[in-house]
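Trainee: Dropping in target.cif, which is mmCIF, C-alpha atoms:
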data_data
#
loop_
_atom_site.label_atom_id
_atom_site.label_comp_id
_atom_site.auth_asym_id
_atom_site.auth_seq_id
_atom_site.Cartn_x
_atom_site.Cartn_y
_atom_site.Cartn_z
CA MET A 1 -56.14 326.61 25.05
CA ALA A 2 -55.73 323.58 22.81
CA GLN A 3 -58.93 322.00 21.52
CA HIS A 4 -57.52 318.53 22.08
CA ASP A 5 -54.65 316.79 23.81
CA VAL A 6 -53.78 314.72 20.77
CA ILE A 7 -54.62 314.67 17.07
CA ILE A 8 -54.23 311.31 15.32
CA LEU A 9 -53.89 311.33 11.55
CA GLY A 10 -55.27 308.08 10.13
CA ALA A 11 -58.22 305.91 11.15
CA GLY A 12 -56.59 302.58 10.35
CA GLY A 13 -55.62 299.91 12.84
CA ALA A 14 -52.71 301.76 14.45
CA GLY A 15 -54.52 305.10 14.66
CA LEU A 16 -57.74 303.70 16.10
CA PHE A 17 -55.92 301.57 18.64
CA CYS A 18 -53.75 304.49 19.73
CA ALA A 19 -56.89 306.61 20.07
CA GLY A 20 -58.49 304.06 22.37
CA ILE A 21 -55.42 303.81 24.60
CA ALA A 22 -55.09 307.60 24.89
CA ALA A 23 -58.82 308.24 25.38
CA ARG A 24 -59.00 305.68 28.18
CA ARG A 25 -56.20 307.60 29.90
CA GLY A 26 -58.49 310.63 29.91
CA LYS A 27 -56.93 312.41 26.95
CA ARG A 28 -59.03 314.52 24.60
CA VAL A 29 -58.45 312.74 21.30
CA VAL A 30 -59.54 313.40 17.74
CA VAL A 31 -58.82 311.00 14.86
CA VAL A 32 -59.01 312.46 11.36
CA ASP A 33 -58.94 310.71 8.00
CA HIS A 34 -59.82 311.49 4.40
CA ALA A 35 -61.45 308.06 4.00
CA PRO A 36 -65.23 307.83 4.41
CA GLU A 37 -65.03 304.89 6.82
CA PRO A 38 -62.51 303.64 9.40
CA GLY A 39 -60.31 300.55 9.19
CA ARG A 40 -60.56 299.95 5.45
CA LYS A 41 -57.47 297.72 5.26
CA ILE A 42 -58.73 295.73 8.24
CA VAL A 43 -62.03 295.03 6.50
CA ILE A 44 -60.42 293.44 3.43
CA SER A 45 -57.62 291.66 5.28
CA GLY A 46 -57.41 287.91 5.69
CA GLY A 47 -60.06 287.26 3.08
CA GLY A 48 -62.50 289.38 5.09
CA ARG A 49 -61.69 287.64 8.38
CA CYS A 50 -58.68 289.73 9.48
CA ASN A 51 -55.49 287.90 10.40
CA PHE A 52 -55.32 290.14 13.47
CA THR A 53 -52.09 288.86 15.06
CA ASN A 54 -49.61 286.00 15.16
CA VAL A 55 -48.71 284.05 18.29
CA GLY A 56 -45.08 284.08 17.11
CA ALA A 57 -44.82 287.87 16.84
CA SER A 58 -41.34 288.82 18.01
CA TRP A 59 -38.90 291.52 16.93
CA ASP A 60 -36.80 289.14 14.80
CA ARG A 61 -39.69 288.63 12.38
CA TYR A 62 -39.68 292.23 11.22
CA VAL A 63 -37.68 293.94 8.47
CA SER A 64 -36.09 297.26 9.39
CA ALA A 65 -32.83 299.14 8.99
CA ASN A 66 -32.69 298.68 12.78
CA PRO A 67 -34.42 295.35 13.50
CA HIS A 68 -34.01 295.82 17.26
CA PHE A 69 -36.16 298.97 17.23
CA ALA A 70 -39.42 297.00 17.36
CA ARG A 71 -38.31 294.97 20.39
CA SER A 72 -39.53 297.46 23.00
CA ALA A 73 -43.08 298.02 21.73
CA LEU A 74 -43.64 294.37 20.82
CA GLY A 75 -42.36 293.29 24.23
CA ARG A 76 -44.59 295.68 26.17
CA TYR A 77 -47.81 295.05 24.23
CA THR A 78 -47.79 291.47 22.99
CA ALA A 79 -49.92 289.23 20.81
CA GLN A 80 -51.32 287.69 24.01
CA ASP A 81 -52.40 291.14 25.19
CA PHE A 82 -54.34 291.73 21.98
CA ILE A 83 -55.84 288.23 22.08
CA ALA A 84 -57.10 288.98 25.59
CA LEU A 85 -58.74 292.16 24.28
CA VAL A 86 -60.38 290.26 21.42
CA ASP A 87 -61.65 287.67 23.91
CA SER A 88 -63.03 290.38 26.19
CA HIS A 89 -65.19 291.58 23.29
CA GLY A 90 -66.53 288.08 22.70
CA ILE A 91 -65.00 287.77 19.23
CA ALA A 92 -64.50 284.13 18.26
CA TRP A 93 -61.25 283.28 16.50
CA HIS A 94 -59.21 280.34 15.26
CA GLU A 95 -55.55 279.61 14.61
CA LYS A 96 -54.42 278.62 11.14
CA THR A 97 -50.96 277.51 10.08
CA LEU A 98 -47.80 279.14 11.41
CA GLY A 99 -49.48 280.89 14.34
CA GLN A 100 -51.89 283.02 12.28
CA LEU A 101 -55.06 284.06 14.11
CA PHE A 102 -58.28 284.92 12.25
CA CYS A 103 -61.80 285.92 13.24
CA ASP A 104 -64.33 283.10 12.93
CA GLY A 105 -66.76 285.70 11.61
CA SER A 106 -65.95 289.01 9.97
CA ALA A 107 -63.02 291.42 10.00
CA ARG A 108 -65.62 294.09 10.73
CA GLN A 109 -65.75 292.71 14.28
CA ILE A 110 -62.20 293.96 14.81
CA VAL A 111 -63.11 297.41 13.48
CA ALA A 112 -66.17 297.50 15.75
CA MET A 113 -63.97 296.50 18.71
CA LEU A 114 -61.47 299.27 17.96
CA LEU A 115 -64.25 301.85 17.67
CA ASP A 116 -65.76 300.62 20.93
CA GLU A 117 -62.38 300.90 22.66
CA ALA A 118 -62.02 304.43 21.21
CA ALA A 119 -65.52 305.50 22.23
CA GLY A 120 -64.05 308.41 24.19
CA ALA A 121 -62.33 309.83 21.11
CA GLU A 122 -63.83 311.86 18.30
CA ILE A 123 -63.56 310.18 14.89
CA ALA A 124 -63.75 312.68 12.02
CA LEU A 125 -63.84 311.13 8.54
CA GLY A 126 -64.44 311.91 4.90
CA GLN A 127 -62.58 315.21 4.62
CA PRO A 128 -59.08 315.92 3.28
CA ILE A 129 -56.24 316.88 5.58
CA ARG A 130 -55.42 320.24 4.04
CA ASP A 131 -52.49 321.35 6.18
CA VAL A 132 -50.41 320.35 9.20
CA THR A 133 -48.15 322.84 10.98
CA HIS A 134 -46.33 323.25 14.29
CA ALA A 135 -45.64 326.44 16.22
CA ASP A 136 -45.35 327.49 19.86
CA GLY A 137 -45.67 323.95 21.14
CA LEU A 138 -48.91 323.22 19.29
CA PHE A 139 -49.72 321.25 16.17
CA THR A 140 -52.43 322.67 13.93
CA VAL A 141 -54.32 320.45 11.50
CA VAL A 142 -56.74 321.75 8.91
CA HIS A 143 -59.22 318.93 8.27
CA GLY A 144 -61.81 319.91 5.73
CA ASP A 145 -63.07 323.27 7.02
CA ARG A 146 -62.09 322.60 10.65
CA ILE A 147 -58.96 323.87 12.39
CA LEU A 148 -57.75 321.53 15.13
CA THR A 149 -54.93 322.14 17.59
CA ALA A 150 -53.15 319.93 20.12
CA PRO A 151 -49.73 319.60 21.76
CA SER A 152 -49.40 316.03 20.46
CA LEU A 153 -49.71 314.72 16.90
CA VAL A 154 -49.62 311.06 15.86
CA ILE A 155 -48.91 310.18 12.23
CA ALA A 156 -50.72 306.90 11.55
CA THR A 157 -51.59 307.23 7.87
CA GLY A 158 -49.72 304.10 6.78
CA GLY A 159 -47.75 303.63 3.58
CA PRO A 160 -48.65 303.68 -0.12
CA SER A 161 -49.60 299.98 -0.40
CA ILE A 162 -53.10 299.24 -1.76
CA PRO A 163 -53.78 302.70 -3.22
CA LYS A 164 -57.31 301.68 -4.26
CA LEU A 165 -58.19 302.06 -0.57
CA GLY A 166 -56.86 305.61 -0.61
CA ALA A 167 -53.35 304.81 0.63
CA THR A 168 -50.71 307.41 -0.20
CA GLY A 169 -47.23 308.50 0.84
CA PHE A 170 -48.71 311.34 2.91
CA ALA A 171 -46.97 310.15 6.08
CA TYR A 172 -43.58 310.39 4.41
CA ASP A 173 -44.15 313.91 3.11
CA LEU A 174 -45.27 315.03 6.55
CA ALA A 175 -42.38 313.30 8.32
CA LYS A 176 -39.86 315.00 6.03
CA ARG A 177 -41.53 318.36 6.61
CA PHE A 178 -40.95 317.87 10.34
CA GLY A 179 -37.32 316.87 9.89
CA LEU A 180 -37.53 313.08 10.03
CA LYS A 181 -35.51 310.99 7.60
CA LEU A 182 -36.84 308.20 5.39
CA VAL A 183 -35.64 304.74 4.48
CA GLU A 184 -36.53 304.24 0.81
CA PRO A 185 -40.09 302.86 0.72
CA ARG A 186 -40.70 299.90 -1.57
CA PRO A 187 -43.47 297.33 -2.05
CA ALA A 188 -43.39 294.34 0.31
CA LEU A 189 -45.39 291.12 0.62
CA VAL A 190 -45.86 291.52 -3.10
CA PRO A 191 -45.79 289.19 -6.16
CA LEU A 192 -42.60 289.22 -8.24
CA THR A 193 -42.52 289.55 -12.02
CA LEU A 194 -40.31 287.47 -14.31
CA PRO A 195 -38.55 288.55 -17.52
CA PRO A 196 -39.44 287.16 -20.96
CA ASP A 197 -36.73 284.46 -20.83
CA ASP A 198 -38.72 282.79 -18.05
CA ALA A 199 -41.84 282.62 -20.22
CA LEU A 200 -41.97 278.84 -19.69
CA PHE A 201 -42.73 279.40 -16.02
CA ARG A 202 -45.28 282.12 -16.69
CA GLU A 203 -47.16 279.54 -18.77
CA LEU A 204 -47.64 277.58 -15.54
CA SER A 205 -50.10 280.20 -14.25
CA GLY A 206 -52.21 278.71 -11.47
CA VAL A 207 -49.77 275.95 -10.48
CA ALA A 208 -48.77 275.97 -6.79
CA THR A 209 -46.31 273.84 -4.85
CA GLU A 210 -44.60 273.92 -1.46
CA VAL A 211 -41.06 275.25 -1.67
CA VAL A 212 -38.35 276.92 0.34
CA ALA A 213 -37.91 280.41 -1.14
CA GLY A 214 -35.00 282.63 -0.24
CA ALA A 215 -33.98 286.23 -0.84
CA GLY A 216 -31.14 288.02 0.89
CA LYS A 217 -30.43 286.05 4.06
CA ALA A 218 -34.05 285.01 4.66
CA THR A 219 -35.76 281.75 3.68
CA PHE A 220 -39.40 280.72 3.97
CA ARG A 221 -41.07 277.35 3.55
CA GLU A 222 -44.59 277.79 2.23
CA ALA A 223 -46.45 277.56 -1.06
CA ALA A 224 -45.22 279.29 -4.21
CA LEU A 225 -47.69 280.10 -6.97
CA PHE A 226 -46.88 280.67 -10.63
CA THR A 227 -48.82 283.54 -12.22
CA HIS A 228 -49.11 284.87 -15.75
CA ARG A 229 -46.68 287.63 -14.71
CA GLY A 230 -44.29 285.70 -12.50
CA LEU A 231 -44.26 284.33 -8.96
CA SER A 232 -46.60 284.71 -6.01
CA GLY A 233 -47.91 282.64 -3.09
CA PRO A 234 -46.98 282.97 0.59
CA ALA A 235 -43.34 281.88 0.21
CA ILE A 236 -42.72 284.43 -2.54
CA LEU A 237 -44.59 287.22 -0.76
CA GLN A 238 -42.41 286.61 2.30
CA ALA A 239 -39.20 286.59 0.26
CA SER A 240 -40.24 289.77 -1.57
CA SER A 241 -39.74 291.82 1.61
CA TYR A 242 -36.04 290.89 1.50
CA TRP A 243 -35.57 290.96 -2.28
CA ARG A 244 -33.75 293.81 -3.98
CA HIS A 245 -33.50 294.58 -7.70
CA ARG A 246 -30.87 292.64 -9.63
CA GLU A 247 -30.68 290.01 -6.89
CA PRO A 248 -31.91 286.43 -7.40
CA VAL A 249 -34.66 284.57 -5.60
CA THR A 250 -33.59 281.01 -4.84
CA ILE A 251 -36.18 278.23 -4.72
CA ASP A 252 -35.83 274.70 -3.43
CA PHE A 253 -38.48 272.83 -5.38
CA VAL A 254 -37.91 269.56 -3.49
CA PRO A 255 -37.46 270.49 0.20
CA ASP A 256 -38.51 267.03 1.40
CA ARG A 257 -36.10 265.11 -0.80
CA ALA A 258 -32.75 264.13 0.67
CA PRO A 259 -29.57 264.51 -1.41
CA GLY A 260 -29.16 261.51 -3.67
CA TRP A 261 -32.87 260.87 -4.18
CA LEU A 262 -32.60 260.79 -7.96
CA THR A 263 -29.63 258.42 -7.97
CA GLU A 264 -31.48 256.22 -5.46
CA LEU A 265 -34.51 256.23 -7.76
CA LYS A 266 -32.22 255.28 -10.63
CA ARG A 267 -31.27 252.15 -8.70
CA THR A 268 -34.77 251.17 -7.61
CA ARG A 269 -36.66 252.17 -10.77
CA PRO A 270 -34.08 252.44 -13.58
CA ARG A 271 -36.65 252.51 -16.39
CA VAL A 272 -38.34 255.67 -15.11
CA GLY A 273 -37.71 258.89 -17.05
CA LEU A 274 -36.86 262.25 -15.51
CA ARG A 275 -40.34 263.63 -16.20
CA THR A 276 -41.94 260.82 -14.21
CA ALA A 277 -39.33 261.09 -11.46
CA LEU A 278 -40.04 264.79 -10.99
CA GLY A 279 -43.76 264.06 -11.06
CA SER A 280 -43.34 262.02 -7.88
CA ALA A 281 -42.33 265.20 -6.05
CA LEU A 282 -44.06 268.02 -7.94
CA PRO A 283 -47.35 268.93 -9.66
CA ASP A 284 -47.53 267.42 -13.15
CA ARG A 285 -47.34 270.66 -15.14
CA LEU A 286 -44.38 271.91 -13.11
CA ALA A 287 -42.60 268.57 -13.38
CA GLU A 288 -43.00 268.67 -17.14
CA ALA A 289 -41.74 272.26 -17.41
CA LEU A 290 -38.69 271.57 -15.26
CA ALA A 291 -37.91 268.36 -17.15
CA VAL A 292 -37.84 270.39 -20.37
CA LYS A 293 -35.11 272.56 -18.83
CA PHE A 294 -32.76 269.58 -18.45
CA ASP A 295 -31.08 267.80 -21.36
CA CYS A 296 -31.77 264.38 -19.91
CA PRO A 297 -33.67 262.18 -22.38
CA GLY A 298 -34.37 258.53 -21.81
CA GLU A 299 -34.46 256.43 -18.67
CA LEU A 300 -32.75 257.26 -15.38
CA GLY A 301 -30.85 253.98 -15.63
CA ASN A 302 -28.99 255.36 -18.63
CA GLN A 303 -27.88 258.55 -16.89
CA ARG A 304 -24.56 259.07 -15.10
CA ASP A 305 -24.83 259.72 -11.37
CA ALA A 306 -23.03 263.03 -11.81
CA ILE A 307 -25.74 264.28 -14.18
CA LEU A 308 -28.50 263.28 -11.76
CA ALA A 309 -26.62 264.92 -8.88
CA ALA A 310 -26.36 268.14 -10.89
CA ILE A 311 -30.11 268.06 -11.59
CA GLU A 312 -30.80 267.56 -7.89
CA GLN A 313 -28.57 270.48 -7.03
CA ARG A 314 -30.31 272.78 -9.46
CA LEU A 315 -33.78 271.69 -8.30
CA SER A 316 -32.89 272.52 -4.71
CA GLY A 317 -31.28 275.86 -5.59
CA TRP A 318 -33.13 277.13 -8.67
CA GLN A 319 -32.40 280.79 -9.22
CA PHE A 320 -34.96 283.16 -10.63
CA HIS A 321 -33.98 286.71 -11.53
CA PRO A 322 -37.15 288.82 -11.19
CA ASN A 323 -37.28 292.04 -13.18
CA GLY A 324 -39.55 293.74 -10.65
CA THR A 325 -42.62 293.44 -8.47
CA GLU A 326 -46.30 294.04 -9.10
CA GLY A 327 -45.88 297.30 -7.18
CA PHE A 328 -47.78 299.05 -4.43
CA VAL A 329 -51.04 298.18 -6.18
CA LYS A 330 -50.61 294.54 -5.18
CA ALA A 331 -48.32 294.98 -2.16
CA GLU A 332 -49.87 294.17 1.22
CA VAL A 333 -47.46 296.47 3.07
CA THR A 334 -44.46 298.74 2.57
CA VAL A 335 -40.83 298.09 3.48
CA GLY A 336 -39.04 301.27 4.52
CA GLY A 337 -40.65 304.49 5.69
CA VAL A 338 -39.87 306.86 8.54
CA ALA A 339 -36.37 306.03 9.78
CA THR A 340 -36.31 304.59 13.27
CA ASP A 341 -33.12 306.38 14.27
CA GLY A 342 -35.17 309.55 14.60
CA LEU A 343 -37.77 307.94 16.89
CA ASN A 344 -37.84 306.87 20.53
CA GLN A 345 -38.50 303.11 20.59
CA LYS A 346 -40.50 303.30 23.83
CA THR A 347 -42.83 306.15 22.88
CA MET A 348 -42.64 306.29 19.05
CA ALA A 349 -41.92 310.01 19.49
CA ALA A 350 -39.63 312.08 17.29
CA LYS A 351 -36.44 312.66 19.26
CA HIS A 352 -36.03 316.23 18.05
CA LEU A 353 -39.67 317.39 18.20
CA PRO A 354 -41.61 316.73 21.42
CA GLY A 355 -45.23 315.76 20.82
CA LEU A 356 -44.76 314.23 17.35
CA HIS A 357 -45.24 310.44 17.14
CA VAL A 358 -45.17 308.06 14.17
CA ILE A 359 -46.74 304.57 14.36
CA GLY A 360 -47.80 301.60 12.27
CA GLU A 361 -46.87 301.01 8.65
CA ALA A 362 -45.52 304.56 8.24
CA VAL A 363 -42.48 303.51 10.30
CA ASP A 364 -39.57 301.50 8.87
CA VAL A 365 -40.78 298.32 10.57
CA THR A 366 -42.36 295.66 8.35
CA GLY A 367 -43.58 292.30 9.58
CA TRP A 368 -43.72 288.92 7.95
CA LEU A 369 -46.90 287.70 6.30
CA GLY A 370 -49.44 286.28 8.74
CA GLY A 371 -50.64 288.87 11.25
CA TYR A 372 -47.29 290.41 12.15
CA ASN A 373 -48.07 293.81 10.67
CA PHE A 374 -51.31 294.13 12.57
CA GLN A 375 -49.45 293.27 15.76
CA TRP A 376 -47.00 296.07 14.99
CA ALA A 377 -49.97 298.43 14.55
CA TRP A 378 -51.32 297.44 17.97
CA SER A 379 -47.93 297.51 19.73
CA SER A 380 -46.72 300.80 18.26
CA GLY A 381 -50.18 302.34 18.76
CA TRP A 382 -50.14 301.25 22.40
CA ALA A 383 -46.67 302.72 22.93
CA ALA A 384 -47.71 306.11 21.54
CA GLY A 385 -51.10 306.00 23.24
CA GLN A 386 -49.39 305.62 26.61
CA ALA A 387 -47.07 308.55 25.89
CA VAL A 388 -49.20 311.30 24.39
#
Output the structure of this file as C-alpha cells.
Mentor:
Amino acid sequence: MAQHDVIILGAGGAGLFCAGIAARRGKRVVVVDHAPEPGRKIVISGGGRCNFTNVGASWDRYVSANPHFARSALGRYTAQDFIALVDSHGIAWHEKTLGQLFCDGSARQIVAMLLDEAAGAEIALGQPIRDVTHADGLFTVVHGDRILTAPSLVIATGGPSIPKLGATGFAYDLAKRFGLKLVEPRPALVPLTLPPDDALFRELSGVATEVVAGAGKATFREAALFTHRGLSGPAILQASSYWRHREPVTIDFVPDRAPGWLTELKRTRPRVGLRTALGSALPDRLAEALAVKFDCPGELGNQRDAILAAIEQRLSGWQFHPNGTEGFVKAEVTVGGVATDGLNQKTMAAKHLPGLHVIGEAVDVTGWLGGYNFQWAWSSGWAAGQAV
C-alpha cells in the first residue's frame, strides 16, 4: 500500500499551496525539498513584504507558447480568492501601483499562512532528492535516506532563477525523464546588458526615468533605470520577458510629450538650447547624454523644423540593442519550461502519464512583474491540489 496519496516536490509557494488544498481534501500528502526552510523565494520577494498577487491577474498578462493555457486555472482560483484567504488569516495588506498587493508586515506571514493551511501535510526539508521513478502505477521518491511512494506526484521545484536560493533546473530534467517536452528556458524579469558602443548610457548608472519600453509586441510604461552594465527598472524587467537575442528594445523617453513639442518650444522659447529643452522632460544627466547624441548645437530658434521633428521621433522610438541579460542570477523568474501542450489545463496533469502534475514556475507560464507569478503559483497549485 502506498505510504502517501501524493508526493509534492518543492516547498515553495506552488508546492505548499497545493499541499494545503490536497490535505484539506483528506489526502495523505508529503512535501519534500532539499532546502532547509520552506518558501525561500517568498521570504525575499517584494523587498521582504511579498507582492503576493495582483488584482489585474488575467491570462493575457502571462507569457507562454500557449497563452490561453493559463486561462482555466486563473479563472477558477482568482486573485480575489487568494485575497480572501489572506484576510481570513488576519494578514494586513496594501495596494501599490498597477494593482500590486503587498503585506503591511513581513513576507514571512505568507509562508506562515501556507504552512498553517498545509498543517495536515508532512513537510520534509533539508535532504536531497536522490531519485524519482515510476512503475506499476506508483511514483517512488528517494529523499535523503527515506523511500516514499504515492500514486500522484507533483513537480513544483520551480525554475533556475535565483540560484543562490538553491534554484536549479531539476524540474526540467525530471519532466524530460517522464516524457514531457520543454520550451527553451531563459531568464525573465531580468536586467539587460548593453554592448560597449552604448558606454555613454552605462555611465548614467543610477539615473531613472519613466518611459514606455517595448520588446516584441509588448510595451510597458514604468520606470527604466540605467546601470553600470545596461538597463533595468520595472519597464525593462517587463520587456525582458518578451526580448530575444539580436532584437532591439525600443524606448519612448518622452511618453507625455505630444508630437511637435520641440517645434512648439522653438516658437515659444527660441533661445533655448536642445540640452535645456530635453531637461524639461528628463533627468539632467540623461538629458545631457541624449543631447550629446544629436548634432544640434546652438539655439532651437536656429534649427529647421525637420531636424527637431527627427529628434522627437528618435526620442520616442530610441532603439537599444542589448547583447544579453544578467542571467538567471538576477532573473526573478524563468520564461519557458515544461511545455503546456503535454499538460491538462484544468488539472495540471501530464496527458500521457496519470498521476504526474507540474505546477508553478516549472511550467511554461510566466507572469508580468507585480504579483502575477505568485498568483500563477496559487492558481496552478489549486488546480493540481483539487485533482490529486
Trainee: Take the PyMOL selection byres ((chain A and resi 26) around 12), run it mentally on this structure, and tell me the resulting residues as a ChimeraX atom specification.
Mentor: /A:4-6,19-25,27-29,118-121,385-386,388
Trainee: Let me have the centre and edge lengths of the axis-aligned box enclosing all listed atoms of stretch 37-48 of chain A with 3 Å padding on every side, in Å to one decimal, as AutoDock Vina command-line options.
Mentor:
--center_x -61.2 --center_y 296.1 --center_z 6.2 --size_x 13.6 --size_y 23.6 --size_z 12.3
Trainee: Hey, which of A:Ala107, A:Leu343, A:Leu300, A:Val212 ends up closest to A:Ile44? Count only C-alpha atoms.
Mentor: A:Ala107
Trainee: Considering only C-alpha atoms, state which residue in the set A:Glu117, A:Glu122, A:Asp81, A:Asp145 is at the smallest distance from A:Val31.
Mentor: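 Result for the nearest residue to A:Val31: A:Glu122.
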Trainee: Just give me the gap between atom CA of A:Ile91 and atom CA of A:Val111 in Å, one decimal is fine.
Mentor: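 That distance, rounded to one decimal, is 11.4 Å.
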Trainee: Mind checking which residues fall within 7 Å of A:Ala309, counting only C-alpha atoms, ignoring those fewer than 4 positions away in the same chain, and posting them as a ChimeraX atom specification?
Mentor: /A:260,305,313
Trainee: Just give me the gap between atom CA of A:Thr347 and atom CA of A:Arg40 in Å, one decimal is fine.
Mentor: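 We find that atom CA of A:Thr347 and atom CA of A:Arg40 lie 25.6 Å from each other.
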Trainee: How many Å lie between atom CA of A:Phe170 and atom CA of A:Val363, rounded to one decimal?
Mentor: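 Computed distance, atom CA of A:Phe170 to atom CA of A:Val363, equals 12.4 Å.
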Trainee: Given the PyMOL selection byres ((chain A and resi 263-277) around 7) and the file above, list the residues it selects as a compact mmCIF listing (two decimals) with C-alpha atoms, in the coordinates of the input.
Mentor:
# COMPACT_ATOMS: atom_id res chain seq x y z
CA GLY A 260 -29.16 261.51 -3.67
CA TRP A 261 -32.87 260.87 -4.18
CA LEU A 262 -32.60 260.79 -7.96
CA LEU A 278 -40.04 264.79 -10.99
CA GLY A 279 -43.76 264.06 -11.06
CA SER A 280 -43.34 262.02 -7.88
CA ALA A 287 -42.60 268.57 -13.38
CA GLU A 288 -43.00 268.67 -17.14
CA ALA A 291 -37.91 268.36 -17.15
CA GLY A 298 -34.37 258.53 -21.81
CA GLU A 299 -34.46 256.43 -18.67
CA LEU A 300 -32.75 257.26 -15.38
CA GLY A 301 -30.85 253.98 -15.63
CA ASP A 305 -24.83 259.72 -11.37
CA LEU A 308 -28.50 263.28 -11.76
Trainee: If we count all atoms listed in the file and set the cut-off at 9 Å, which residues sit around A:Ala65, ignoring sequence neighbours fewer than 4 positions away in its own chain? Please answer as a PDB file with C-alpha atoms, in the frame of the given file.
Mentor:
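Result file around28.pdb:
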ATOM      1  CA  PHE A  69     -36.160 298.970  17.230  1.00  0.00           C
ATOM      2  CA  VAL A 183     -35.640 304.740   4.480  1.00  0.00           C
ATOM      3  CA  GLY A 336     -39.040 301.270   4.520  1.00  0.00           C
ATOM      4  CA  ALA A 339     -36.370 306.030   9.780  1.00  0.00           C
ATOM      5  CA  THR A 340     -36.310 304.590  13.270  1.00  0.00           C
ATOM      6  CA  ASP A 341     -33.120 306.380  14.270  1.00  0.00           C
ATOM      7  CA  ASP A 364     -39.570 301.500   8.870  1.00  0.00           C
ATOM      8  CA  VAL A 365     -40.780 298.320  10.570  1.00  0.00           C
TER       9      VAL A 365
END
Trainee: Taking all atoms listed in the file into account, which of A:His94, A:Arg146, A:His352, A:Arg71 comes nearest A:Trp59?
Mentor: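 That would be A:Arg71, the residue with the smallest distance to A:Trp59.
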Trainee: Applying the PyMOL selection byres ((chain A and resi 130) around 10) to the file I just gave you, which residues come out? Please list them as a ChimeraX atom specification.
Mentor: /A:34,127-129,131-132,141-147
Trainee: Of the candidates A:Gly47, A:Pro248, A:Gly158, A:Pro234, which one gets nearest to A:Gly15 if we count only C-alpha atoms?
Mentor: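 The answer is A:Gly158, which sits nearest to A:Gly15.
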Trainee: Near A:Trp376, within 10 Å and counting only C-alpha atoms, which residues show up once chain neighbours fewer than 6 positions away are dropped, as a list in words?
Mentor: Gly13, Ala14, Thr53, Ala57, Ser58, Trp59, Tyr62, Ala70, Ala73, Leu74, Tyr77, Thr78, Ala79, Ile359, Gly360, Glu361, Val363, Val365, Thr366, Gly367 and Trp382 of chain A
Trainee: In terms of the shortest atom-to-atom distance over all atoms listed in the file, which of A:Ile83, A:Cys18, A:Leu153, A:Ala383 is closest to A:Gln345?
Mentor: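 Going through A:Ile83, A:Cys18, A:Leu153, A:Ala383 one by one, the smallest distance to A:Gln345 is for A:Ala383.
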Trainee: Compare A:Gly46, A:Gly371, A:Gly126, A:Pro185 by their minimum atom-to-atom distance to A:Val335, counting only C-alpha atoms, and give me the closest one.
Mentor: A:Pro185
Trainee: Here's a test: counting all atoms listed in the file, identify every protein, DNA and RNA residue with an atom at most 12 Å from (-63.2, 290.6, 8.7) in the file's coordinate frame, and state them as a PyMOL selection string.
Mentor: chain A and resi 39-52+91-93+101-113
Trainee: Which residues come within 7 Å of A:Thr149, counting all atoms listed in the file, excluding same-chain residues fewer than 3 positions away, as a list in words?
Mentor: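 The neighbour list is Ala2, Gln3, His4, Leu138, Phe139, Thr140 and Val141 of chain A.
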Trainee: Can you tell me, as a count of residues only, what residues are no more than 8 Å from A:Ser232 when counting all atoms listed in the file, ignoring any on the same chain fewer than 6 positions away?
Mentor: 6
